[in-house]
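The structure file structure.txt is reproduced below (compact mmCIF, C-alpha atoms and all ligand atoms).
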```
# COMPACT_ATOMS: atom_id res chain seq x y z
CA MET A 4 -5.88 11.64 13.85
CA LYS A 5 -5.48 13.20 17.31
CA THR A 6 -2.38 12.84 19.46
CA ASP A 7 -0.74 14.78 22.30
CA ILE A 8 2.35 15.70 20.31
CA LEU A 9 3.11 15.87 16.59
CA VAL A 10 6.76 15.72 15.60
CA ILE A 11 7.53 17.00 12.11
CA GLY A 12 10.66 15.41 10.69
CA GLY A 13 11.90 11.83 10.84
CA GLY A 14 15.61 12.49 11.17
CA ILE A 15 17.58 11.75 14.32
CA ALA A 16 16.23 14.89 16.01
CA GLY A 17 12.55 14.08 15.52
CA ILE A 18 12.81 10.33 16.09
CA SER A 19 14.88 10.64 19.27
CA ALA A 20 12.63 13.34 20.76
CA ALA A 21 9.52 11.30 19.92
CA ALA A 22 11.03 8.21 21.54
CA ARG A 23 11.80 10.15 24.74
CA LEU A 24 8.23 11.45 24.87
CA ALA A 25 6.40 8.24 24.01
CA PRO A 26 6.34 6.69 27.51
CA GLU A 27 4.46 9.77 28.78
CA ALA A 28 2.41 10.99 25.81
CA SER A 29 0.86 9.86 22.53
CA VAL A 30 3.27 10.89 19.80
CA THR A 31 3.11 10.82 16.00
CA VAL A 32 6.09 11.60 13.76
CA LEU A 33 5.31 12.97 10.29
CA GLU A 34 8.08 12.37 7.75
CA ALA A 35 7.94 13.65 4.18
CA GLU A 36 10.04 10.85 2.67
CA THR A 37 9.35 7.15 2.26
CA MET A 38 11.71 6.31 5.13
CA ILE A 39 13.27 7.91 8.20
CA GLY A 40 16.84 9.25 8.07
CA HIS A 41 16.74 10.01 4.33
CA HIS A 42 18.32 13.48 4.62
CA SER A 43 21.14 14.72 6.91
CA SER A 44 20.80 11.91 9.43
CA GLY A 45 21.62 9.31 6.78
CA ARG A 46 24.59 11.23 5.39
CA SER A 47 26.80 12.14 8.35
CA ALA A 48 30.40 11.24 9.07
CA ALA A 49 29.15 9.48 12.22
CA ILE A 50 31.81 10.77 14.57
CA PHE A 51 31.63 11.94 18.20
CA ILE A 52 34.17 14.63 19.04
CA ARG A 53 34.04 16.02 22.56
CA ASN A 54 35.80 19.28 21.63
CA TYR A 55 33.69 20.00 18.55
CA GLY A 56 31.66 23.22 18.62
CA ASN A 57 31.28 26.20 20.94
CA ALA A 58 30.95 26.03 24.74
CA THR A 59 27.22 25.20 24.60
CA LEU A 60 27.85 22.36 22.16
CA ARG A 61 30.68 21.01 24.25
CA ALA A 62 28.32 20.89 27.23
CA LEU A 63 25.81 18.99 25.05
CA ASN A 64 28.53 16.63 23.81
CA ALA A 65 29.47 15.85 27.41
CA ALA A 66 25.82 15.42 28.41
CA SER A 67 25.24 13.02 25.49
CA ALA A 68 28.29 10.80 26.07
CA PRO A 69 26.86 8.65 28.89
CA PHE A 70 23.80 7.75 26.79
CA LEU A 71 25.87 7.00 23.70
CA ASN A 72 27.97 4.67 25.85
CA ALA A 73 25.01 2.96 27.51
CA PRO A 74 21.96 3.65 25.32
CA GLU A 75 19.27 2.22 27.54
CA GLY A 76 16.19 1.17 25.59
CA VAL A 77 17.88 1.89 22.25
CA SER A 78 20.64 -0.71 22.11
CA GLU A 79 22.11 -3.29 24.45
CA THR A 80 25.65 -2.26 23.63
CA SER A 81 27.48 1.04 23.31
CA LEU A 82 26.86 3.09 20.17
CA LEU A 83 30.48 4.26 20.28
CA SER A 84 33.70 2.59 19.16
CA PRO A 85 37.29 3.88 19.30
CA ARG A 86 38.52 6.11 16.46
CA GLY A 87 40.44 9.25 17.54
CA GLU A 88 40.58 12.56 15.71
CA MET A 89 43.92 13.98 14.56
CA LEU A 90 44.36 17.56 13.41
CA VAL A 91 47.24 18.34 11.08
CA ALA A 92 48.38 21.88 10.31
CA THR A 93 50.64 23.36 7.66
CA GLU A 94 52.44 26.65 8.47
CA ALA A 95 49.44 28.54 7.05
CA ASP A 96 47.00 26.65 9.31
CA LEU A 97 48.85 27.40 12.57
CA PRO A 98 46.55 30.25 13.77
CA HIS A 99 43.47 27.98 13.34
CA TYR A 100 45.28 25.09 14.98
CA GLU A 101 46.32 27.13 18.03
CA ALA A 102 42.84 28.66 18.35
CA TYR A 103 41.27 25.18 18.35
CA LEU A 104 43.71 23.84 20.93
CA ASP A 105 43.20 26.89 23.12
CA GLY A 106 39.58 26.08 23.80
CA SER A 107 40.00 22.29 23.88
CA ASP A 108 40.41 19.71 26.62
CA GLY A 109 42.48 16.55 26.48
CA LEU A 110 44.20 17.03 23.12
CA GLU A 111 47.74 15.71 22.86
CA ARG A 112 50.23 17.58 20.69
CA LEU A 113 52.10 15.34 18.23
CA SER A 114 55.25 15.79 16.16
CA ALA A 115 55.03 15.44 12.37
CA ARG A 116 56.70 12.05 12.68
CA GLN A 117 54.19 10.85 15.30
CA ALA A 118 51.33 12.02 13.07
CA GLN A 119 52.83 10.09 10.18
CA GLU A 120 53.22 6.97 12.31
CA LEU A 121 49.47 7.05 12.94
CA VAL A 122 48.58 7.76 9.30
CA PRO A 123 51.52 6.70 7.12
CA ILE A 124 50.20 8.38 3.94
CA LEU A 125 50.62 11.86 5.48
CA ARG A 126 53.48 13.98 4.10
CA ALA A 127 55.59 14.80 7.18
CA ASP A 128 57.38 17.61 5.28
CA VAL A 129 54.23 19.76 5.11
CA ILE A 130 53.09 19.18 8.71
CA ALA A 131 53.99 22.13 10.95
CA ALA A 132 51.97 20.85 13.91
CA ALA A 133 49.58 18.06 14.84
CA ALA A 134 47.40 17.04 17.76
CA ILE A 135 45.05 14.19 18.60
CA GLU A 136 41.87 13.76 20.61
CA TRP A 137 42.20 10.09 21.50
CA ASP A 138 38.69 9.60 22.75
CA ALA A 139 36.88 10.79 19.61
CA GLN A 140 34.67 7.84 18.69
CA ASP A 141 32.70 6.43 15.79
CA ILE A 142 28.93 6.48 16.38
CA ASP A 143 26.80 3.65 15.05
CA VAL A 144 24.28 6.16 13.71
CA ASP A 145 22.00 3.65 12.02
CA ARG A 146 21.71 1.60 15.20
CA MET A 147 20.94 4.81 17.11
CA LEU A 148 18.22 5.97 14.69
CA GLN A 149 16.59 2.55 14.36
CA GLY A 150 16.88 1.95 18.10
CA PHE A 151 15.06 5.20 18.91
CA ALA A 152 12.40 4.31 16.31
CA ARG A 153 11.89 0.90 17.95
CA LEU A 154 11.65 2.50 21.39
CA LEU A 155 9.05 4.95 20.06
CA ARG A 156 6.90 2.18 18.56
CA ALA A 157 7.26 0.00 21.68
CA HIS A 158 5.52 2.79 23.62
CA GLY A 159 2.70 3.10 21.10
CA GLY A 160 4.20 5.99 19.10
CA ARG A 161 3.68 6.19 15.34
CA ILE A 162 5.85 7.15 12.39
CA VAL A 163 3.93 8.17 9.28
CA ASN A 164 6.05 8.26 6.11
CA ASN A 165 5.05 10.02 2.87
CA ALA A 166 3.52 12.70 5.09
CA ARG A 167 5.04 15.98 3.88
CA VAL A 168 3.39 18.72 5.91
CA GLN A 169 1.59 21.12 3.58
CA SER A 170 -0.14 23.43 6.06
CA ILE A 171 -0.29 24.05 9.81
CA ALA A 172 -2.97 26.09 11.53
CA ARG A 173 -3.86 26.66 15.18
CA ARG A 174 -7.44 27.00 16.44
CA ASP A 175 -8.78 26.78 19.99
CA GLY A 176 -5.42 25.62 21.30
CA ILE A 177 -4.99 22.81 18.76
CA TRP A 178 -2.65 22.61 15.76
CA THR A 179 -4.08 20.98 12.66
CA VAL A 180 -1.54 19.73 10.17
CA THR A 181 -2.40 18.59 6.64
CA THR A 182 -0.32 16.06 4.72
CA PRO A 183 -0.92 13.71 1.76
CA ALA A 184 -1.26 10.94 4.39
CA GLY A 185 -4.15 12.72 6.13
CA GLU A 186 -4.89 15.41 8.68
CA PHE A 187 -3.34 15.32 12.15
CA SER A 188 -3.98 17.43 15.22
CA ALA A 189 -2.33 18.01 18.57
CA PRO A 190 -1.85 20.81 21.11
CA ILE A 191 1.95 20.65 20.65
CA VAL A 192 3.98 20.52 17.45
CA ILE A 193 7.74 19.90 17.44
CA ASN A 194 9.57 21.38 14.48
CA ALA A 195 12.37 18.88 13.74
CA ALA A 196 12.40 19.54 10.00
CA GLY A 197 16.19 19.93 9.66
CA GLY A 198 17.06 22.17 6.69
CA TRP A 199 13.36 22.97 6.23
CA ALA A 200 12.76 24.13 9.82
CA ASP A 201 12.45 27.84 8.97
CA GLN A 202 10.05 27.11 6.10
CA LEU A 203 7.95 24.95 8.38
CA ALA A 204 7.82 27.69 11.04
CA GLU A 205 6.64 30.25 8.50
CA MET A 206 3.93 27.83 7.40
CA ALA A 207 2.70 27.87 11.02
CA GLY A 208 2.88 31.67 11.26
CA VAL A 209 5.99 31.48 13.47
CA ARG A 210 8.86 33.85 12.77
CA ALA A 211 11.78 32.21 10.94
CA LEU A 212 15.09 32.27 12.85
CA GLY A 213 17.55 32.65 9.98
CA LEU A 214 18.50 28.96 9.90
CA GLN A 215 20.85 28.33 6.98
CA PRO A 216 21.47 24.91 5.45
CA LEU A 217 25.11 24.54 4.37
CA ARG A 218 26.06 21.78 1.94
CA ARG A 219 28.83 19.36 2.91
CA SER A 220 30.04 16.61 0.57
CA ALA A 221 31.94 13.39 0.96
CA ALA A 222 33.52 10.75 -1.29
CA LEU A 223 34.62 7.18 -0.71
CA ILE A 224 37.89 6.06 -2.29
CA PRO A 225 39.48 2.59 -2.12
CA ALA A 226 41.84 2.06 0.81
CA PRO A 227 45.41 2.99 -0.21
CA GLU A 228 47.17 -0.22 -1.24
CA GLY A 229 49.38 -1.88 1.32
CA HIS A 230 47.80 -0.10 4.30
CA ASP A 231 45.49 -1.41 6.98
CA ILE A 232 43.45 1.75 7.42
CA ASN A 233 40.87 0.46 9.88
CA ARG A 234 42.75 1.70 12.91
CA TRP A 235 43.63 5.10 11.52
CA PRO A 236 42.05 8.02 13.33
CA LEU A 237 39.88 10.52 11.50
CA PHE A 238 42.49 13.01 10.26
CA ALA A 239 41.64 16.56 9.41
CA ASN A 240 43.24 19.73 8.18
CA ALA A 241 43.21 22.29 11.01
CA SER A 242 41.68 25.01 8.78
CA ASP A 243 38.79 22.81 7.61
CA GLN A 244 40.24 22.36 4.11
CA TRP A 245 39.44 18.62 4.12
CA TYR A 246 39.09 15.65 6.45
CA ALA A 247 39.36 11.91 5.96
CA LYS A 248 38.13 8.89 7.87
CA PRO A 249 38.22 5.11 7.47
CA GLU A 250 34.72 3.94 6.62
CA ALA A 251 33.92 0.24 6.22
CA GLY A 252 37.30 -0.58 4.66
CA LYS A 253 37.34 2.52 2.40
CA LEU A 254 38.60 6.03 2.99
CA MET A 255 35.98 8.75 3.23
CA ILE A 256 37.22 12.21 2.26
CA SER A 257 35.25 15.42 2.67
CA PRO A 258 36.15 18.81 1.20
CA ALA A 259 34.65 20.19 4.46
CA GLU A 260 32.81 22.89 2.52
CA GLU A 261 30.09 25.07 4.01
CA ASP A 262 28.20 26.31 0.93
CA PRO A 263 24.80 27.89 1.60
CA VAL A 264 21.95 26.09 -0.20
CA GLU A 265 18.16 26.21 -0.32
CA PRO A 266 16.77 23.18 1.55
CA HIS A 267 16.51 20.29 -0.92
CA ASP A 268 17.66 16.73 -1.55
CA VAL A 269 21.21 17.99 -1.83
CA TRP A 270 23.82 16.46 -4.13
CA VAL A 271 27.56 16.83 -4.65
CA ASP A 272 28.92 19.79 -6.60
CA ASP A 273 31.58 18.01 -8.71
CA MET A 274 33.90 21.02 -8.81
CA VAL A 275 33.76 21.53 -5.03
CA LEU A 276 34.50 17.84 -4.49
CA ALA A 277 37.37 17.85 -7.02
CA GLU A 278 38.95 20.90 -5.37
CA GLY A 279 38.64 19.30 -1.94
CA LEU A 280 40.25 16.07 -3.15
CA HIS A 281 43.03 18.15 -4.67
CA ARG A 282 43.71 19.89 -1.32
CA PHE A 283 43.73 16.45 0.35
CA GLU A 284 46.25 15.15 -2.22
CA HIS A 285 48.65 17.96 -1.24
CA ALA A 286 48.76 16.60 2.30
CA VAL A 287 49.34 12.93 1.44
CA THR A 288 51.66 10.71 -0.58
CA ILE A 289 48.92 8.91 -2.55
CA PRO A 290 47.00 10.15 -5.59
CA VAL A 291 43.21 10.00 -5.60
CA THR A 292 42.54 8.02 -8.77
CA ARG A 293 39.03 6.71 -8.27
CA VAL A 294 35.94 7.91 -6.40
CA GLU A 295 33.69 4.92 -5.74
CA HIS A 296 30.77 6.80 -4.27
CA SER A 297 29.94 10.36 -3.28
CA TRP A 298 27.12 12.14 -1.48
CA ALA A 299 26.22 15.45 0.12
CA GLY A 300 24.02 16.57 2.97
CA MET A 301 22.87 19.71 4.74
CA ARG A 302 24.31 20.99 7.99
CA THR A 303 21.82 23.61 9.15
CA PHE A 304 23.00 26.39 11.43
CA ALA A 305 21.39 29.24 13.36
CA PRO A 306 23.22 32.58 12.98
CA ASP A 307 25.16 31.95 16.25
CA ARG A 308 25.90 28.30 15.28
CA THR A 309 24.07 27.00 18.34
CA PRO A 310 21.03 24.66 18.10
CA VAL A 311 17.55 26.04 18.78
CA VAL A 312 15.48 24.05 21.27
CA GLY A 313 12.42 25.33 23.10
CA PHE A 314 8.97 26.87 22.77
CA ALA A 315 8.61 29.66 20.22
CA PRO A 316 8.04 32.86 22.20
CA GLU A 317 5.25 34.24 20.02
CA VAL A 318 2.75 31.31 19.83
CA ASP A 319 1.65 28.53 22.12
CA GLY A 320 2.55 24.91 21.56
CA PHE A 321 5.25 25.30 18.88
CA VAL A 322 8.60 23.76 19.84
CA TRP A 323 11.83 24.29 17.91
CA LEU A 324 14.29 21.39 17.68
CA ALA A 325 16.56 22.57 14.89
CA GLY A 326 19.88 24.13 13.92
CA GLN A 327 22.01 21.14 14.98
CA GLY A 328 24.60 22.02 12.33
CA GLY A 329 27.43 19.50 12.18
CA TYR A 330 26.70 18.10 15.64
CA GLY A 331 23.20 16.62 15.36
CA MET A 332 24.18 12.97 15.75
CA GLN A 333 26.48 13.42 18.72
CA THR A 334 24.15 15.80 20.57
CA ALA A 335 20.89 13.95 19.85
CA PRO A 336 20.75 12.22 23.26
CA ALA A 337 20.94 15.52 25.19
CA LEU A 338 18.80 17.59 22.82
CA SER A 339 16.02 14.99 22.61
CA GLN A 340 15.92 14.75 26.39
CA LEU A 341 15.69 18.53 26.69
CA ALA A 342 12.89 18.74 24.09
CA ALA A 343 10.96 16.03 25.94
CA ASP A 344 11.49 17.70 29.33
CA LEU A 345 10.25 21.04 27.99
CA CYS A 346 7.14 19.49 26.42
CA LEU A 347 6.30 17.58 29.60
CA GLY A 348 7.01 20.55 31.90
CA ARG A 349 9.90 18.74 33.61
CA ARG A 350 13.06 20.41 34.88
CA SER A 351 16.03 19.74 32.60
CA ALA A 352 19.17 18.19 34.08
CA LEU A 353 21.22 20.49 31.84
CA ASP A 354 22.86 23.62 33.23
CA PRO A 355 20.30 26.49 32.99
CA LYS A 356 22.95 28.50 31.11
CA VAL A 357 23.00 25.83 28.40
CA VAL A 358 19.19 25.72 28.26
CA GLY A 359 19.17 29.53 27.90
CA ALA A 360 21.75 29.41 25.11
CA LEU A 361 19.47 27.03 23.15
CA ASP A 362 16.27 29.03 23.74
CA PRO A 363 14.71 30.36 20.51
CA ALA A 364 14.04 33.62 22.40
CA ARG A 365 17.77 34.21 23.03
CA THR A 366 19.10 37.63 22.16
CA SER A 367 21.80 36.39 19.75
CA ILE A 368 19.05 35.23 17.38
CA GLN A 369 16.43 37.90 18.03
CA SER A 370 18.92 40.77 17.55
CA GLN A 371 19.95 39.38 14.14
CA GLN A 372 16.33 39.67 13.10
CA GLY A 373 16.16 43.37 14.01
C1 LIG B 401 28.53 15.29 5.39
C2 LIG B 401 27.99 15.46 6.80
C3 LIG B 401 28.74 14.99 7.86
C4 LIG B 401 28.24 15.10 9.17
N1 LIG B 401 28.95 14.54 10.19
C5 LIG B 401 28.46 14.56 11.44
C6 LIG B 401 29.15 13.91 12.49
O1 LIG B 401 30.20 13.28 12.27
N2 LIG B 401 28.64 13.98 13.76
C7 LIG B 401 27.48 14.64 14.02
O2 LIG B 401 27.07 14.67 15.18
N3 LIG B 401 26.78 15.25 13.04
C8 LIG B 401 27.24 15.23 11.76
N4 LIG B 401 26.55 15.84 10.75
C9 LIG B 401 25.35 16.60 11.09
C10 LIG B 401 24.13 15.72 11.31
O3 LIG B 401 23.99 14.82 10.22
C11 LIG B 401 22.88 16.62 11.43
O4 LIG B 401 23.08 17.59 12.43
C12 LIG B 401 21.66 15.79 11.81
O5 LIG B 401 21.47 14.72 10.93
C13 LIG B 401 20.41 16.67 11.80
O6 LIG B 401 19.30 15.84 12.07
P1 LIG B 401 17.83 16.34 11.81
O7 LIG B 401 16.92 15.27 12.27
O8 LIG B 401 17.67 17.71 12.37
O9 LIG B 401 17.74 16.56 10.21
P2 LIG B 401 17.36 15.53 9.05
O10 LIG B 401 18.02 14.23 9.22
O11 LIG B 401 17.59 16.25 7.75
O12 LIG B 401 15.81 15.31 9.27
C14 LIG B 401 14.84 16.29 8.98
C15 LIG B 401 13.66 15.57 8.38
O13 LIG B 401 12.56 16.47 8.26
C16 LIG B 401 11.82 16.06 7.12
N5 LIG B 401 10.96 17.16 6.71
C17 LIG B 401 11.35 18.37 6.26
N6 LIG B 401 10.27 19.12 5.93
C18 LIG B 401 9.18 18.35 6.20
C19 LIG B 401 7.79 18.56 6.07
N7 LIG B 401 7.27 19.70 5.58
N8 LIG B 401 6.95 17.55 6.43
C20 LIG B 401 7.44 16.38 6.92
N9 LIG B 401 8.77 16.13 7.06
C21 LIG B 401 9.63 17.10 6.70
C22 LIG B 401 12.89 15.70 6.10
O14 LIG B 401 12.39 14.87 5.09
C23 LIG B 401 13.94 15.05 6.97
O15 LIG B 401 13.85 13.63 6.97
C24 LIG B 401 27.00 15.74 9.42
C25 LIG B 401 26.25 16.22 8.34
C26 LIG B 401 26.73 16.06 7.04
C27 LIG B 401 25.87 16.56 5.90
```
Go ahead and express the file in the form of structure tokens.
Amino acid sequence: MKTDILVIGGGIAGISAAARLAPEASVTVLEAETMIGHHSSGRSAAIFIRNYGNATLRALNAASAPFLNAPEGVSETSLLSPRGEMLVATEADLPHYEAYLDGSDGLERLSARQAQELVPILRADVIAAAAIEWDAQDIDVDRMLQGFARLLRAHGGRIVNNARVQSIARRDGIWTVTTPAGEFSAPIVINAAGGWADQLAEMAGVRALGLQPLRRSAALIPAPEGHDINRWPLFANASDQWYAKPEAGKLMISPAEEDPVEPHDVWVDDMVLAEGLHRFEHAVTIPVTRVEHSWAGMRTFAPDRTPVVGFAPEVDGFVWLAGQGGYGMQTAPALSQLAADLCLGRRSALDPKVVGALDPARTSIQSQQG
């Protein structure tokens, strides 16, 4: 099966990049699982936070916002809806809190009482400081993923499930990729394999970049009795000890852990979840008596915690689209556009400094590799 571009990985990264390319090129997405979005992209907290991440990520957040608001070709209505993100800090969290506010735009400082008015289960007596980003928004992540998949197919692109890539070899300017679903070839391969991106690169003879999947878990508990939680903002401890968010009438709580794992179909570590719920209970007036559902996913980071997008420096036709960490849903519009522009030889609308910061040849990654 010959195409112009093979995309490996049917998460939001691979599907969105393929959809952007499809009007101009023949594109095939190879996904190991029986359906798209089975790994990280189906397990996120689905929030858009403008101030989340380093300067490069904030530029990508800003560049993605217009598309998320008016996702032409993907959905007729905005993918965003109002939520807000409130940070709460105990005395011990104040250095983290001040550091976050220092580099942030548009956050409003709140008193403990104001924080408690927004989320009445918070214990005002342990809040030393609070702040809110009003325009943090929920992302309809399923609509985004399925919308990009529809756009891809509408332009003749293909998604092949049950196609775990087993080998990749390049000969005479063409990559040949073998999978249980057959053999595929193309001059360009995009590595959008999420937590497996380094393994996939090594399979192709491309140097791994030190991408590290970090497990993050979440649990759903019933809404606290007597509260209408739907309008509560996401509320988070300023030192990343836990965060909580209304989710379809329930309360989602995450221990906000970053535990390194080998790439796999990751599951919750019961002890890590229990400890996180315990930290959450210290901040609120309700006990956590029942977990209705829990899950975990991988957030995969490069050593400098900045995504990696661009052609590998050492071989032709191998494009990285990986290392999206905890920002892969909210930055997908900008990163997919950049990946498509690079593949098609178009100039990116992003600031060249941002494009350079994402380049797999950047010094912050290469120097870590010695
Ligand atoms: C608990 C949690 C909360 C999060 N919250 C947010 C949030 O609020 N906002 C936000 O923006 N981001 C959030 N994220 C991060 C976001 O989910 C990820 O950055 C994003 O999903 C990464 O997308 P991806 O396509 O790179 O990876 P994935 O969705 O994991 O897709 C990679 C795909 O590659 C496939 N694959 C791997 N190896 C092969 C192979 N050899 N052959 C074929 N296919 C292969 C896998 O099966 C997988 O489907 C969160 C993540 C977690 C875990």
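For the pair CA of Pro85 (chain A) and CA of His285 (chain A), the interatomic distance is 27.4 Å.
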Using only C-alpha atoms and all ligand atoms, what are the residues with an atom within 7 Å of ligand LIG 401 (chain B), set out as an mmCIF file with C-alpha atoms, in the frame of the given file?
```
data_model
loop_
_atom_site.group_PDB
_atom_site.id
_atom_site.type_symbol
_atom_site.label_atom_id
_atom_site.label_comp_id
_atom_site.auth_asym_id
_atom_site.auth_seq_id
_atom_site.Cartn_x
_atom_site.Cartn_y
_atom_site.Cartn_z
ATOM 1 C CA ILE A 11 7.530 17.000 12.110
ATOM 2 C CA GLY A 12 10.660 15.410 10.690
ATOM 3 C CA GLY A 13 11.900 11.830 10.840
ATOM 4 C CA GLY A 14 15.610 12.490 11.170
ATOM 5 C CA ILE A 15 17.580 11.750 14.320
ATOM 6 C CA ALA A 16 16.230 14.890 16.010
ATOM 7 C CA GLY A 17 12.550 14.080 15.520
ATOM 8 C CA LEU A 33 5.310 12.970 10.290
ATOM 9 C CA GLU A 34 8.080 12.370 7.750
ATOM 10 C CA ALA A 35 7.940 13.650 4.180
ATOM 11 C CA GLU A 36 10.040 10.850 2.670
ATOM 12 C CA ILE A 39 13.270 7.910 8.200
ATOM 13 C CA GLY A 40 16.840 9.250 8.070
ATOM 14 C CA HIS A 41 16.740 10.010 4.330
ATOM 15 C CA HIS A 42 18.320 13.480 4.620
ATOM 16 C CA SER A 43 21.140 14.720 6.910
ATOM 17 C CA SER A 44 20.800 11.910 9.430
ATOM 18 C CA GLY A 45 21.620 9.310 6.780
ATOM 19 C CA ARG A 46 24.590 11.230 5.390
ATOM 20 C CA SER A 47 26.800 12.140 8.350
ATOM 21 C CA ALA A 48 30.400 11.240 9.070
ATOM 22 C CA ALA A 49 29.150 9.480 12.220
ATOM 23 C CA ILE A 50 31.810 10.770 14.570
ATOM 24 C CA PHE A 51 31.630 11.940 18.200
ATOM 25 C CA ALA A 166 3.520 12.700 5.090
ATOM 26 C CA ARG A 167 5.040 15.980 3.880
ATOM 27 C CA VAL A 168 3.390 18.720 5.910
ATOM 28 C CA GLN A 169 1.590 21.120 3.580
ATOM 29 C CA ALA A 195 12.370 18.880 13.740
ATOM 30 C CA ALA A 196 12.400 19.540 10.000
ATOM 31 C CA GLY A 197 16.190 19.930 9.660
ATOM 32 C CA GLY A 198 17.060 22.170 6.690
ATOM 33 C CA TRP A 199 13.360 22.970 6.230
ATOM 34 C CA ALA A 200 12.760 24.130 9.820
ATOM 35 C CA LEU A 203 7.950 24.950 8.380
ATOM 36 C CA ARG A 218 26.060 21.780 1.940
ATOM 37 C CA ARG A 219 28.830 19.360 2.910
ATOM 38 C CA SER A 220 30.040 16.610 0.570
ATOM 39 C CA ALA A 221 31.940 13.390 0.960
ATOM 40 C CA ALA A 299 26.220 15.450 0.120
ATOM 41 C CA GLY A 300 24.020 16.570 2.970
ATOM 42 C CA MET A 301 22.870 19.710 4.740
ATOM 43 C CA ARG A 302 24.310 20.990 7.990
ATOM 44 C CA THR A 303 21.820 23.610 9.150
ATOM 45 C CA ALA A 325 16.560 22.570 14.890
ATOM 46 C CA GLY A 326 19.880 24.130 13.920
ATOM 47 C CA GLN A 327 22.010 21.140 14.980
ATOM 48 C CA GLY A 328 24.600 22.020 12.330
ATOM 49 C CA GLY A 329 27.430 19.500 12.180
ATOM 50 C CA TYR A 330 26.700 18.100 15.640
ATOM 51 C CA GLY A 331 23.200 16.620 15.360
ATOM 52 C CA MET A 332 24.180 12.970 15.750
ATOM 53 C CA GLN A 333 26.480 13.420 18.720
ATOM 54 C CA THR A 334 24.150 15.800 20.570
#
```
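Here CA of Ile256 (chain A) is placed at a distance of 12.0 Å from CA of Arg293 (chain A).
Picture a line from CA of Val287 (chain A) to CA of Ile124 (chain A); it runs 5.3 Å.
Omitting Glu260 (chain A) and its sequence neighbours fewer than 5 positions away, and counting only C-alpha atoms, the residues within 9 Å are Leu217, Arg218, Arg219, Ser220, Asp243, Gln244, Trp245, Val275, Leu276 and Gly279 of chain A.
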Checklist entry - Skipping near chain neighbours, those fewer than 4 positions away, what residues fall within 10 Å of Ala364 (chain A) using only C-alpha atoms, listed as JSON, numbers by chain? => result {"A": [212, 311, 312, 313, 314, 315, 316, 317, 359, 360, 368, 369, 370]}
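For the residues A:Met4, A:Ala342, A:Leu113, A:Ala92, ranking by smallest atom-to-atom distance to Arg23 (chain A) using only C-alpha atoms places A:Ala342 first.
Residue nearest Ile289 (chain A) within the list A:Ala62, A:Ala95, A:Leu125, A:Leu353: A:Leu125 [criterion: smallest interatomic distance, all atoms listed in the file].
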